[in-house]
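Text of model_20.txt (compact mmCIF, C-alpha atoms) as supplied:
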```txt
# COMPACT_ATOMS: atom_id res chain seq x y z
CA MET A 1 -107.57 -19.48 26.39
CA PHE A 2 -105.09 -19.92 29.23
CA GLU A 3 -102.72 -21.64 26.83
CA PHE A 4 -102.96 -18.73 24.39
CA ALA A 5 -102.17 -16.22 27.17
CA LYS A 6 -99.17 -18.37 28.04
CA LYS A 7 -98.05 -18.26 24.39
CA ILE A 8 -98.19 -14.44 24.46
CA ILE A 9 -96.11 -14.31 27.66
CA ASN A 10 -93.63 -16.74 26.13
CA PHE A 11 -93.47 -14.61 22.97
CA PHE A 12 -92.37 -11.64 25.08
CA TYR A 13 -89.86 -13.85 26.90
CA ARG A 14 -88.39 -14.73 23.50
CA GLU A 15 -88.28 -11.06 22.48
CA TYR A 16 -86.65 -10.20 25.81
CA LYS A 17 -83.93 -12.81 25.23
CA LEU A 18 -83.41 -11.59 21.66
CA ASN A 19 -83.17 -7.94 22.69
CA LEU A 20 -80.92 -8.73 25.62
CA SER A 21 -78.48 -10.52 23.34
CA GLY A 22 -78.71 -7.58 20.92
CA PHE A 23 -78.45 -4.97 23.66
CA HIS A 24 -75.60 -3.27 21.81
CA ASP A 25 -78.12 -2.28 19.10
CA ILE A 26 -80.23 -0.40 21.66
CA LEU A 27 -77.08 1.23 23.05
CA THR A 28 -76.01 2.22 19.52
CA ASN A 29 -79.40 3.87 18.96
CA ILE A 30 -79.13 5.86 22.17
CA THR A 31 -75.52 6.80 21.43
CA PHE A 32 -76.62 8.02 17.99
CA PHE A 33 -79.31 10.11 19.69
CA PHE A 34 -76.88 11.78 22.11
CA ILE A 35 -74.07 12.30 19.59
CA SER A 36 -76.55 13.95 17.23
CA ILE A 37 -77.65 16.28 20.06
CA PHE A 38 -74.03 17.33 20.57
CA ILE A 39 -73.61 17.87 16.83
CA PHE A 40 -76.65 20.17 16.89
CA ILE A 41 -75.23 22.07 19.87
CA PHE A 42 -71.87 22.51 18.13
CA SER A 43 -73.50 23.64 14.88
CA ILE A 44 -76.01 26.07 16.47
CA GLY A 45 -73.64 27.46 19.07
CA PRO A 46 -73.75 27.59 22.86
CA ASP A 47 -76.37 30.38 23.09
CA ASN A 48 -78.86 29.20 25.70
CA GLU A 49 -81.84 31.10 24.34
CA THR A 50 -81.50 29.83 20.76
CA LEU A 51 -80.94 26.30 22.04
CA SER A 52 -84.01 26.22 24.27
CA LYS A 53 -86.14 27.60 21.39
CA LEU A 54 -85.03 24.84 19.04
CA ALA A 55 -84.53 22.12 21.64
CA VAL A 56 -87.92 20.39 21.50
CA GLY A 57 -87.80 20.21 17.70
CA ILE A 58 -84.27 18.82 17.83
CA VAL A 59 -85.20 16.13 20.39
CA TRP A 60 -88.23 15.00 18.40
CA THR A 61 -86.40 14.95 15.05
CA LEU A 62 -83.58 12.90 16.55
CA LEU A 63 -86.01 10.52 18.25
CA LEU A 64 -87.61 9.92 14.89
CA LEU A 65 -84.26 9.36 13.15
CA SER A 66 -83.02 7.06 15.92
CA SER A 67 -86.14 4.93 15.88
CA THR A 68 -85.93 4.52 12.09
CA LEU A 69 -82.43 3.09 12.61
CA SER A 70 -83.90 0.07 14.36
CA LEU A 71 -86.51 -0.66 11.69
CA ARG A 72 -84.25 -2.97 9.74
CA LYS A 73 -84.40 -5.55 12.53
CA PHE A 74 -88.16 -5.24 13.07
CA TYR A 75 -89.13 -8.34 11.06
CA LYS A 76 -86.07 -9.10 8.91
CA ASP A 77 -84.19 -11.53 11.19
CA ASP A 78 -87.30 -13.49 12.16
CA PHE A 79 -88.43 -13.55 8.55
CA ASP A 80 -85.11 -14.78 7.17
CA SER A 81 -84.90 -17.54 9.78
CA HIS A 82 -88.55 -18.54 9.17
CA ASN A 83 -89.38 -17.77 12.81
CA LEU A 84 -92.40 -15.73 11.72
CA LEU A 85 -93.68 -18.86 10.00
CA ILE A 86 -92.96 -21.01 13.05
CA LEU A 87 -94.85 -18.57 15.29
CA HIS A 88 -97.74 -18.70 12.83
CA LEU A 89 -97.71 -22.51 12.93
CA HIS A 90 -97.96 -22.28 16.71
CA GLY A 91 -101.40 -20.80 16.37
CA MET A 92 -100.77 -17.08 15.98
CA SER A 93 -102.23 -15.32 12.95
CA PHE A 94 -99.91 -12.99 11.04
CA GLU A 95 -102.04 -10.06 12.18
CA PHE A 96 -101.62 -11.04 15.81
CA ILE A 97 -97.86 -11.49 15.34
CA ALA A 98 -97.77 -7.93 13.93
CA ILE A 99 -99.55 -6.58 17.04
CA LEU A 100 -97.18 -8.42 19.39
CA LYS A 101 -94.11 -7.34 17.42
CA THR A 102 -95.27 -3.70 17.50
CA ILE A 103 -95.76 -3.81 21.27
CA SER A 104 -92.40 -5.55 21.66
CA HIS A 105 -90.72 -2.83 19.52
CA PHE A 106 -92.30 -0.18 21.73
CA ILE A 107 -91.13 -1.87 24.95
CA TYR A 108 -87.61 -2.87 23.95
CA VAL A 109 -86.64 -0.09 21.51
CA GLN A 110 -88.71 3.01 22.32
CA ILE A 111 -88.93 2.77 26.11
CA PRO A 112 -85.12 3.12 26.57
CA PHE A 113 -85.49 6.53 24.92
CA LEU A 114 -87.93 7.55 27.68
CA VAL A 115 -85.00 7.32 30.09
CA SER A 116 -82.74 9.32 27.80
CA ILE A 117 -85.21 12.18 27.19
CA PRO A 118 -84.77 13.85 30.64
CA ILE A 119 -80.98 13.71 30.18
CA ALA A 120 -81.34 15.25 26.72
CA CYS A 121 -83.54 17.97 28.26
CA ILE A 122 -80.78 18.90 30.71
CA ILE A 123 -78.20 19.06 27.92
CA LEU A 124 -80.45 21.20 25.72
CA ASN A 125 -81.65 23.48 28.53
CA ILE A 126 -85.33 22.59 28.17
CA SER A 127 -87.34 23.95 31.12
CA PHE A 128 -88.48 21.33 33.62
CA ASP A 129 -92.24 22.02 33.14
CA LYS A 130 -91.92 21.05 29.47
CA VAL A 131 -90.32 17.67 30.24
CA TYR A 132 -93.59 16.12 31.40
CA ASN A 133 -95.36 17.14 28.17
CA LEU A 134 -92.40 15.97 26.12
CA LEU A 135 -92.50 12.54 27.78
CA LEU A 136 -96.26 12.26 27.32
CA SER A 137 -96.07 13.25 23.66
CA PHE A 138 -93.21 10.80 23.22
CA VAL A 139 -95.16 7.87 24.69
CA LEU A 140 -98.00 8.47 22.23
CA GLY A 141 -95.72 9.46 19.35
CA SER A 142 -93.41 6.47 19.77
CA LEU A 143 -96.35 4.06 19.72
CA ILE A 144 -97.41 5.69 16.45
CA LEU A 145 -93.85 5.35 15.15
CA SER A 146 -93.81 1.66 16.14
CA CYS A 147 -97.04 1.08 14.18
CA LEU A 148 -95.66 2.96 11.16
CA GLY A 149 -92.39 1.07 11.55
CA SER A 150 -94.20 -2.25 11.56
CA ILE A 151 -96.03 -1.39 8.32
CA SER A 152 -92.90 -0.15 6.56
CA ALA A 153 -90.70 -3.01 7.82
CA SER A 154 -93.24 -5.60 6.66
CA MET A 155 -93.45 -3.86 3.26
CA ASN A 156 -89.66 -4.00 3.10
CA LEU A 157 -89.84 -7.80 3.32
CA LEU A 158 -91.41 -7.68 -0.14
CA ASN A 159 -88.78 -5.27 -1.39
CA GLN A 160 -85.35 -6.79 -0.87
CA ARG A 161 -83.47 -4.22 -2.93
CA ASN A 162 -84.16 -0.80 -1.42
CA TYR A 163 -84.15 -0.83 2.35
CA LEU A 164 -84.18 2.99 2.67
CA LEU A 165 -87.61 3.17 1.05
CA GLY A 166 -89.19 1.94 4.31
CA SER A 167 -87.46 4.66 6.33
CA VAL A 168 -88.61 7.31 3.83
CA ILE A 169 -92.22 6.11 4.18
CA VAL A 170 -92.00 6.30 7.98
CA MET A 171 -90.54 9.81 7.80
CA ILE A 172 -93.24 11.12 5.47
CA PHE A 173 -96.07 9.71 7.57
CA SER A 174 -94.52 10.88 10.82
CA ILE A 175 -94.71 14.56 9.81
CA PRO A 176 -98.21 14.98 11.37
CA VAL A 177 -96.98 13.21 14.52
CA ILE A 178 -94.09 15.67 14.85
CA ILE A 179 -96.40 18.67 14.22
CA PHE A 180 -98.89 17.64 16.90
CA SER A 181 -96.29 16.39 19.38
CA ILE A 182 -94.34 19.63 19.28
CA GLY A 183 -97.65 21.53 19.45
CA ILE A 184 -98.45 19.77 22.73
CA ILE A 185 -95.23 21.03 24.25
CA ASN A 186 -95.23 24.58 22.88
CA LEU A 187 -98.96 25.45 22.77
CA GLU A 188 -100.19 24.65 26.23
CA GLU A 189 -103.62 26.26 25.70
CA SER A 190 -104.55 23.67 23.03
CA PHE A 191 -103.04 20.74 24.95
CA ASN A 192 -106.25 18.68 25.16
CA SER A 193 -107.26 19.01 21.52
CA LEU A 194 -103.76 18.15 20.27
CA ILE A 195 -103.43 15.14 22.53
CA ASN A 196 -106.83 13.92 21.32
CA ILE A 197 -105.63 14.20 17.72
CA LEU A 198 -102.49 12.20 18.59
CA ILE A 199 -104.59 9.52 20.30
CA GLY A 200 -106.83 9.48 17.20
CA ILE A 201 -103.84 8.94 14.88
CA LEU A 202 -102.58 6.21 17.21
CA LEU A 203 -105.92 4.37 17.23
CA ILE A 204 -106.22 4.55 13.43
CA LEU A 205 -102.70 3.20 12.93
CA PHE A 206 -103.09 0.60 15.66
CA SER A 207 -106.13 -0.80 13.88
CA VAL A 208 -104.67 -0.58 10.35
CA ASN A 209 -101.22 -1.92 11.27
CA PRO A 210 -102.12 -5.60 11.95
CA TRP A 211 -103.97 -6.04 8.64
CA ALA A 212 -101.39 -4.20 6.54
CA SER A 213 -98.37 -5.84 8.21
CA GLY A 214 -100.02 -9.27 8.36
CA ALA A 215 -100.83 -9.19 4.64
CA CYS A 216 -97.28 -8.11 3.75
CA ILE A 217 -95.70 -10.84 5.92
CA LYS A 218 -97.93 -13.49 4.36
CA LEU A 219 -97.15 -12.28 0.84
CA ALA A 220 -93.44 -12.20 1.60
CA LEU A 221 -93.50 -15.75 2.98
CA GLN A 222 -95.35 -16.95 -0.12
CA ASN A 223 -92.76 -15.38 -2.41
CA ASN A 224 -89.78 -16.46 -0.33
CA MET B 1 -105.53 -37.72 8.48
CA LEU B 2 -104.32 -35.37 5.73
CA ILE B 3 -105.66 -35.90 2.21
CA LEU B 4 -104.57 -34.08 -0.93
CA GLN B 5 -106.93 -34.49 -3.86
CA ASN B 6 -105.75 -33.47 -7.34
CA VAL B 7 -103.92 -30.45 -6.00
CA SER B 8 -102.33 -28.20 -8.62
CA LEU B 9 -100.43 -24.96 -8.25
CA ASN B 10 -99.86 -22.24 -10.82
CA ARG B 11 -97.94 -19.10 -10.08
CA LEU B 12 -97.56 -16.13 -12.44
CA ASN B 13 -99.04 -18.23 -15.27
CA THR B 14 -96.43 -20.94 -14.68
CA LYS B 15 -97.39 -24.45 -13.74
CA ILE B 16 -95.50 -25.48 -10.59
CA PHE B 17 -97.07 -28.93 -10.12
CA GLU B 18 -100.36 -30.55 -11.01
CA ASN B 19 -102.76 -33.27 -9.89
CA ILE B 20 -100.95 -34.31 -6.75
CA SER B 21 -103.00 -36.75 -4.67
CA PHE B 22 -101.95 -38.65 -1.59
CA THR B 23 -103.05 -39.52 1.91
CA LEU B 24 -100.91 -39.03 4.99
CA GLY B 25 -102.26 -41.26 7.69
CA SER B 26 -100.90 -42.76 10.88
CA GLY B 27 -97.67 -44.74 10.65
CA ARG B 28 -96.68 -43.64 7.15
CA VAL B 29 -93.54 -42.18 5.66
CA LEU B 30 -94.01 -40.16 2.47
CA ILE B 31 -91.00 -38.91 0.54
CA LEU B 32 -91.30 -36.09 -1.99
CA LYS B 33 -88.81 -36.63 -4.79
CA GLY B 34 -88.01 -34.37 -7.66
CA LYS B 35 -85.35 -32.33 -9.39
CA ASN B 36 -84.34 -28.84 -8.28
CA GLY B 37 -87.19 -26.45 -9.01
CA SER B 38 -89.72 -29.25 -9.42
CA GLY B 39 -91.94 -27.71 -6.73
CA LYS B 40 -91.18 -29.73 -3.58
CA THR B 41 -90.95 -26.67 -1.30
CA SER B 42 -93.99 -25.14 -3.01
CA LEU B 43 -95.95 -28.34 -2.34
CA ILE B 44 -95.00 -28.20 1.35
CA LYS B 45 -96.02 -24.52 1.43
CA THR B 46 -99.32 -25.50 -0.19
CA ILE B 47 -99.89 -28.19 2.44
CA LEU B 48 -99.23 -25.53 5.11
CA TYR B 49 -101.75 -23.40 3.21
CA LEU B 50 -99.31 -20.53 2.80
CA LEU B 51 -99.96 -20.94 -0.92
CA GLU B 52 -103.52 -21.55 -1.99
CA PRO B 53 -103.87 -24.41 -4.50
CA SER B 54 -105.00 -23.32 -7.98
CA SER B 55 -107.23 -26.39 -8.15
CA GLY B 56 -107.96 -29.44 -6.03
CA SER B 57 -108.57 -29.65 -2.30
CA ILE B 58 -106.73 -30.44 0.89
CA TYR B 59 -108.66 -32.17 3.66
CA TRP B 60 -107.71 -32.38 7.32
CA LYS B 61 -109.75 -34.79 9.47
CA GLY B 62 -112.38 -34.90 6.73
CA LYS B 63 -112.88 -31.13 6.52
CA ILE B 64 -111.54 -28.85 3.82
CA LEU B 65 -108.36 -27.22 5.07
CA PRO B 66 -108.75 -23.47 5.58
CA LYS B 67 -111.63 -24.16 7.96
CA THR B 68 -109.55 -26.36 10.25
CA ILE B 69 -106.20 -24.70 9.67
CA TYR B 70 -105.30 -24.02 13.31
CA ASP B 71 -106.24 -27.55 14.37
CA PHE B 72 -103.99 -28.78 11.55
CA TYR B 73 -101.15 -26.52 12.72
CA ASN B 74 -101.68 -27.82 16.24
CA ASN B 75 -100.86 -31.34 15.05
CA ILE B 76 -97.80 -30.71 12.89
CA THR B 77 -94.17 -29.82 13.33
CA TYR B 78 -92.61 -28.17 10.31
CA ILE B 79 -88.86 -28.12 9.81
CA GLY B 80 -87.95 -25.93 6.87
CA ASP B 81 -84.81 -25.67 4.83
CA ARG B 82 -83.56 -22.79 6.98
CA PRO B 83 -82.49 -23.03 10.62
CA THR B 84 -84.89 -21.26 12.97
CA SER B 85 -82.50 -21.36 15.92
CA LEU B 86 -81.45 -17.91 17.10
CA LYS B 87 -77.76 -17.57 16.26
CA GLN B 88 -76.90 -15.14 19.04
CA LEU B 89 -78.21 -17.51 21.75
CA THR B 90 -76.81 -20.79 23.10
CA ILE B 91 -78.23 -24.25 22.31
CA GLU B 92 -79.77 -24.44 25.79
CA GLU B 93 -81.42 -21.01 25.48
CA ASN B 94 -82.82 -21.96 22.06
CA ILE B 95 -84.26 -25.19 23.48
CA LYS B 96 -85.83 -23.22 26.35
CA ILE B 97 -87.44 -20.78 23.90
CA TRP B 98 -88.77 -23.58 21.65
CA LYS B 99 -90.12 -25.37 24.70
CA LYS B 100 -91.90 -22.24 25.88
CA ILE B 101 -93.28 -21.22 22.47
CA SER B 102 -94.71 -24.69 21.80
CA ILE B 103 -95.79 -25.09 25.47
CA SER B 104 -94.08 -28.47 25.48
CA LYS B 105 -94.32 -30.67 28.56
CA ILE B 106 -91.30 -32.76 27.64
CA ASP B 107 -88.79 -33.00 30.51
CA TYR B 108 -85.22 -31.81 30.20
CA GLU B 109 -83.87 -35.29 30.92
CA LYS B 110 -85.28 -36.59 27.62
CA ILE B 111 -83.93 -33.57 25.74
CA ARG B 112 -80.52 -34.13 27.33
CA ASN B 113 -80.57 -37.76 26.17
CA VAL B 114 -81.37 -36.72 22.61
CA LEU B 115 -78.61 -34.09 22.74
CA THR B 116 -76.19 -36.83 23.79
CA ILE B 117 -77.32 -39.11 20.95
CA LEU B 118 -76.90 -36.24 18.49
CA LYS B 119 -73.48 -35.46 20.02
CA LEU B 120 -74.52 -31.93 20.90
CA ASN B 121 -74.41 -32.26 24.68
CA ASN B 122 -70.90 -30.81 24.97
CA TYR B 123 -71.89 -27.71 23.06
CA LYS B 124 -75.10 -26.89 24.90
CA ASN B 125 -73.64 -23.69 26.37
CA LYS B 126 -72.14 -22.60 23.07
CA LYS B 127 -73.74 -20.00 20.84
CA VAL B 128 -75.42 -21.37 17.73
CA SER B 129 -73.32 -19.02 15.58
CA THR B 130 -70.22 -21.07 16.53
CA LEU B 131 -71.72 -24.41 15.41
CA SER B 132 -71.18 -26.10 12.05
CA LEU B 133 -74.02 -26.34 9.51
CA GLY B 134 -74.55 -30.02 10.35
CA GLU B 135 -74.78 -29.31 14.07
CA ILE B 136 -77.26 -26.48 13.44
CA LYS B 137 -79.36 -28.89 11.35
CA LYS B 138 -79.30 -31.51 14.14
CA LEU B 139 -80.35 -28.86 16.65
CA GLU B 140 -83.19 -27.88 14.32
CA LEU B 141 -84.37 -31.49 14.14
CA LEU B 142 -84.53 -31.53 17.93
CA ARG B 143 -87.68 -29.43 17.55
CA LEU B 144 -89.45 -32.64 16.42
CA ILE B 145 -88.85 -34.14 19.87
CA ILE B 146 -89.57 -30.94 21.80
CA GLU B 147 -92.89 -30.19 20.10
CA ASN B 148 -93.95 -33.84 20.27
CA LYS B 149 -96.61 -33.65 17.52
CA LYS B 150 -98.07 -36.49 15.49
CA TYR B 151 -97.38 -35.20 11.98
CA TRP B 152 -93.90 -34.20 10.88
CA LEU B 153 -93.36 -32.10 7.75
CA LEU B 154 -89.78 -31.57 6.70
CA ASP B 155 -88.04 -29.86 3.82
CA GLU B 156 -84.68 -31.47 3.00
CA PRO B 157 -84.02 -32.78 6.55
CA PHE B 158 -80.80 -34.62 5.64
CA THR B 159 -78.90 -31.70 4.11
CA ASN B 160 -75.47 -31.12 5.74
CA LEU B 161 -75.76 -34.24 7.93
CA ASP B 162 -73.08 -36.94 8.15
CA LEU B 163 -73.93 -40.63 7.57
CA ASP B 164 -74.20 -41.45 11.30
CA SER B 165 -76.61 -38.58 11.90
CA ILE B 166 -78.67 -39.52 8.83
CA ASP B 167 -79.04 -43.00 10.27
CA ILE B 168 -80.11 -41.64 13.68
CA ILE B 169 -82.72 -39.40 12.05
CA ARG B 170 -83.94 -42.30 9.87
CA GLN B 171 -84.35 -44.48 12.95
CA THR B 172 -86.20 -41.64 14.72
CA PHE B 173 -88.62 -41.40 11.78
CA GLU B 174 -89.20 -45.18 11.85
CA GLU B 175 -89.77 -45.09 15.62
CA HIS B 176 -92.21 -42.19 15.24
CA CYS B 177 -94.19 -44.13 12.63
CA LYS B 178 -94.34 -47.17 14.93
CA ASN B 179 -95.97 -44.89 17.51
CA GLU B 180 -98.75 -43.98 15.06
CA GLY B 181 -96.98 -40.82 13.87
CA SER B 182 -96.52 -39.72 10.24
CA VAL B 183 -93.62 -38.18 8.39
CA LEU B 184 -93.63 -36.31 5.09
CA PHE B 185 -90.37 -34.95 3.78
CA SER B 186 -88.65 -33.87 0.62
CA SER B 187 -85.19 -35.20 -0.10
CA HIS B 188 -82.63 -35.73 -2.81
CA GLN B 189 -80.87 -38.52 -0.95
CA ASP B 190 -81.84 -42.16 -1.25
CA ILE B 191 -82.79 -43.03 2.30
CA LYS B 192 -84.13 -46.53 2.83
CA PHE B 193 -87.03 -47.06 5.19
CA SER B 194 -88.65 -50.38 6.02
CA LYS B 195 -91.96 -49.02 4.72
CA TYR B 196 -92.38 -45.84 2.72
CA GLU B 197 -94.04 -44.28 -0.30
CA GLU B 198 -92.56 -41.94 -2.85
CA ILE B 199 -94.29 -39.04 -4.55
CA LYS B 200 -92.54 -37.95 -7.74
CA LEU B 201 -92.85 -34.34 -8.81
```
Written as structure tokens, how would this file's structure read?
Amino acid sequence: MFEFAKKIINFFYREYKLNLSGFHDILTNITFFFISIFIFIFSIGPDNETLSKLAVGIVWTLLLLSSTLSLRKFYKDDFDSHNLLILHLHGMSFEFIAILKTISHFIYVQIPFLVSIPIACIILNISFDKVYNLLLSFVLGSLILSCLGSISASMNLLNQRNYLLGSVIVMIFSIPVIIFSIGIINLEESFNSLINILIGILLILFSVNPWASGACIKLALQNN
Amino acid sequence: MLILQNVSLNRLNTKIFENISFTLGSGRVLILKGKNGSGKTSLIKTILYLLEPSSGSIYWKGKILPKTIYDFYNNITYIGDRPTSLKQLTIEENIKIWKKISISKIDYEKIRNVLTILKLNNYKNKKVSTLSLGEIKKLELLRLIIENKKYWLLDEPFTNLDLDSIDIIRQTFEEHCKNEGSVLFSSHQDIKFSKYEEIKL
């Protein structure tokens, strides 16, 4: 048991080293996020009122687009180099690898956005009382996006030809997440019910993700 | 002890191999020989139980394999045909990660000695992406020493290696077998061991 806990810690050490060496990818994602915000501002115009009305929607849409950018690297590199297989041979089931990879994606890819959200709020003139709700909805929403990303990235291992298909799947399934997340920020009277729905979606995906991703990884390794 | 009994594999209505039987016990070297596409990699995948045999059984320590799969994994080191080293990291960082992932207790002094024998010691702070294919392969084979398991499974371990390195690896295999270890590998090259068996596919 102690040895298994050590393996999990060492897995995150490996992910840390990998993400540190690929830090430019995280920076590119965040740069994409901020440049897109500026493009929106230039296209809508500098009117403060219009901007603050659209701001939350803009931030969430861009967060979704930015996080889909990183999906390509979710499993691909470790799959191509057979590291997923090596991890499996070290006593981790494919399902468990999927859980760890999802958590790692949340920590190393989504968390940096948490830091950028308050800055984006200042740029887009979002009132300070909405920032807390935006951050809370993002923590839940980004975990959901990581789960969806894991499923679509593992499916993409089976489909070597059309990478964009995975991103399309994530976008379609993230529509409810966007609806409820923006609802949390704009409709404060139904805050509790909407956050419960988001937690519900998260729990469903968190339980489905390991089986779906694990099965896809195994199939892909068999066919590789 | 690993026993394969009349193992056959069919995929998409195509026969990959059939009726393969052998025993991999302590101190043995087994070489899988066959032409390209004859099913050597598929047989190794079947032994790892990534592919389920269409017929026949695989036994590990007397029990049929899926039941004891994690105990089996705990006793083998698999080196595939692709390098698992992370290209963006240095040799030393890769060794550290492998050591951590496999919870190896081997000391760095021994690893340093092996790196010197493999002529990789001067490059230990270089990124793997700057190494040649042969050097990457030698680094990959270092995993055998780091993980320190009894059973070694290798897919084409001598590809890209020069004659000196091939001889070092051959000696390592012989030494491992003297210490009650076992080696199973697929290869196209004719490598001579003092005692070995060939399985033709």
Proximity check chain B to chain A, 8 Å, nearest pairs one decimal Å, only C-alpha atoms, as CSV:
```
residue,atom,partner,partner_atom,distance
B:Lys45,CA,A:Gln222,CA,7.8
B:Leu50,CA,A:Gln222,CA,6.1
B:Leu51,CA,A:Gln222,CA,6.1
B:Tyr70,CA,A:Gly91,CA,5.9
B:Tyr73,CA,A:Leu89,CA,5.3
B:Asn74,CA,A:His90,CA,6.7
B:Tyr78,CA,A:Ile86,CA,7.7
B:Gly80,CA,A:His82,CA,7.8
B:Arg82,CA,A:Ser81,CA,6.1
B:Pro83,CA,A:Ser81,CA,6.1
B:Thr84,CA,A:Ser81,CA,4.9
B:Ser85,CA,A:Ser81,CA,7.6
B:Gln88,CA,A:Ser21,CA,6.5
B:Leu89,CA,A:Ser21,CA,7.2
B:Ile97,CA,A:Arg14,CA,6.1
B:Lys100,CA,A:Asn10,CA,5.8
B:Ile101,CA,A:Asn10,CA,5.8
B:Ser102,CA,A:His90,CA,6.5
B:Ile103,CA,A:Lys7,CA,7.3
```
Excluding Leu141 (chain B) and its own-chain neighbours fewer than 4 positions away, which residues fall within 10 Å of it when counting only C-alpha atoms? Please give them as a PDB file with C-alpha atoms, in the frame of the given file.
```pdb
ATOM      1  CA  THR B  77     -94.170 -29.820  13.330  1.00  0.00           C
ATOM      2  CA  TYR B  78     -92.610 -28.170  10.310  1.00  0.00           C
ATOM      3  CA  ILE B  79     -88.860 -28.120   9.810  1.00  0.00           C
ATOM      4  CA  GLY B  80     -87.950 -25.930   6.870  1.00  0.00           C
ATOM      5  CA  PRO B  83     -82.490 -23.030  10.620  1.00  0.00           C
ATOM      6  CA  LEU B 118     -76.900 -36.240  18.490  1.00  0.00           C
ATOM      7  CA  GLU B 135     -74.780 -29.310  14.070  1.00  0.00           C
ATOM      8  CA  ILE B 136     -77.260 -26.480  13.440  1.00  0.00           C
ATOM      9  CA  LYS B 137     -79.360 -28.890  11.350  1.00  0.00           C
ATOM     10  CA  ILE B 145     -88.850 -34.140  19.870  1.00  0.00           C
ATOM     11  CA  ILE B 146     -89.570 -30.940  21.800  1.00  0.00           C
ATOM     12  CA  LEU B 154     -89.780 -31.570   6.700  1.00  0.00           C
ATOM     13  CA  PRO B 157     -84.020 -32.780   6.550  1.00  0.00           C
ATOM     14  CA  PHE B 158     -80.800 -34.620   5.640  1.00  0.00           C
ATOM     15  CA  ILE B 169     -82.720 -39.400  12.050  1.00  0.00           C
TER      16      ILE B 169
END
```
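Look at Ser187 (chain B): the protein and nucleic acid residues within 9 Å of it, using only C-alpha atoms and passing over chain neighbours fewer than 4 places away, are B:Ile31, B:Leu32, B:Lys33, B:Gly34, B:Lys40, B:Leu154, B:Asp155, B:Glu156, B:Pro157, B:Phe158, B:Thr159, B:Ile191.
Taking CA of Phe32 (chain A) and CA of Ile197 (chain A) as the two end points, the separation is 29.7 Å.
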Discussion item. So the first atom is CA of Asn125 (chain B) and the second is CA of Ile91 (chain B); what is the distance between them in Å, to one decimal place?
Written reply: 6.2 Å
Rows by chain and residue number, region 43-112 of chain A within 12 Å of region 122-134 of chain A, shortest pair, all atoms listed in the file, as JSON lines:
```
{"residue": "A:Ile44", "atom": "CA", "partner": "A:Leu124", "partner_atom": "CA", "distance": 11.4}
{"residue": "A:Gly45", "atom": "CA", "partner": "A:Leu124", "partner_atom": "CA", "distance": 11.4}
{"residue": "A:Pro46", "atom": "CA", "partner": "A:Leu124", "partner_atom": "CA", "distance": 9.7}
{"residue": "A:Asp47", "atom": "CA", "partner": "A:Asn125", "partner_atom": "CA", "distance": 10.3}
{"residue": "A:Asn48", "atom": "CA", "partner": "A:Asn125", "partner_atom": "CA", "distance": 7.0}
{"residue": "A:Glu49", "atom": "CA", "partner": "A:Asn125", "partner_atom": "CA", "distance": 8.7}
{"residue": "A:Thr50", "atom": "CA", "partner": "A:Leu124", "partner_atom": "CA", "distance": 10.0}
{"residue": "A:Leu51", "atom": "CA", "partner": "A:Leu124", "partner_atom": "CA", "distance": 6.3}
{"residue": "A:Ser52", "atom": "CA", "partner": "A:Ile126", "partner_atom": "CA", "distance": 5.5}
{"residue": "A:Lys53", "atom": "CA", "partner": "A:Ile126", "partner_atom": "CA", "distance": 8.5}
{"residue": "A:Leu54", "atom": "CA", "partner": "A:Leu124", "partner_atom": "CA", "distance": 8.9}
{"residue": "A:Ala55", "atom": "CA", "partner": "A:Leu124", "partner_atom": "CA", "distance": 5.8}
{"residue": "A:Val56", "atom": "CA", "partner": "A:Ile126", "partner_atom": "CA", "distance": 7.5}
{"residue": "A:Gly57", "atom": "CA", "partner": "A:Leu134", "partner_atom": "CA", "distance": 10.5}
{"residue": "A:Ile58", "atom": "CA", "partner": "A:Leu124", "partner_atom": "CA", "distance": 9.1}
{"residue": "A:Val59", "atom": "CA", "partner": "A:Leu124", "partner_atom": "CA", "distance": 8.8}
{"residue": "A:Trp60", "atom": "CA", "partner": "A:Leu134", "partner_atom": "CA", "distance": 8.8}
{"residue": "A:Leu63", "atom": "CA", "partner": "A:Leu134", "partner_atom": "CA", "distance": 11.5}
```
Worksheet item: So what do you get for CA of Arg112 (chain B) versus CA of Cys177 (chain B), distance-wise?
Response: 22.4 Å
Worksheet entry | Residue neighbourhood region 23-27 of chain B, 7 Å, only C-alpha atoms, exclusion window fewer than 6 positions, as an MDAnalysis selection string | chainID B and resid 1:4 177:178 180:182
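Shortest separation to Thr14 (chain B) among B:Ser194, B:Ser54, B:Thr116, B:Thr46 occurs at residue B:Ser54, atoms counted being all atoms listed in the file.
When all atoms listed in the file are used to measure the gap to Lys96 (chain B), the shortest distance among B:Leu142, B:Pro66, B:Lys15, B:Thr172 belongs to B:Leu142.
Every protein, DNA or RNA residue with an atom at most 9 Å from Leu143 (chain A), where only C-alpha atoms count and chain neighbours fewer than 2 positions away do not, is listed here: Thr102, Ile103, His105, Phe106, Gln110, Phe138, Val139, Leu140, Gly141, Leu145, Ser146, Cys147, Leu148, Leu202 and Phe206 of chain A.
Each of B:Ile58, B:Ile47, B:Gly134, B:Val114 was compared to Asn6 (chain B) using only C-alpha atoms, and B:Ile58 turns out to be the nearest.
Counting all atoms listed in the file and comparing B:Lys35, B:Arg170, B:Lys67, B:Lys87, the residue that lies closest to Leu139 (chain B) is B:Lys87.
Checking B:Leu184, B:Leu163, B:Ile111, B:Ile44 one by one against Lys150 (chain B), counting all atoms listed in the file, you find the shortest gap at B:Leu184.
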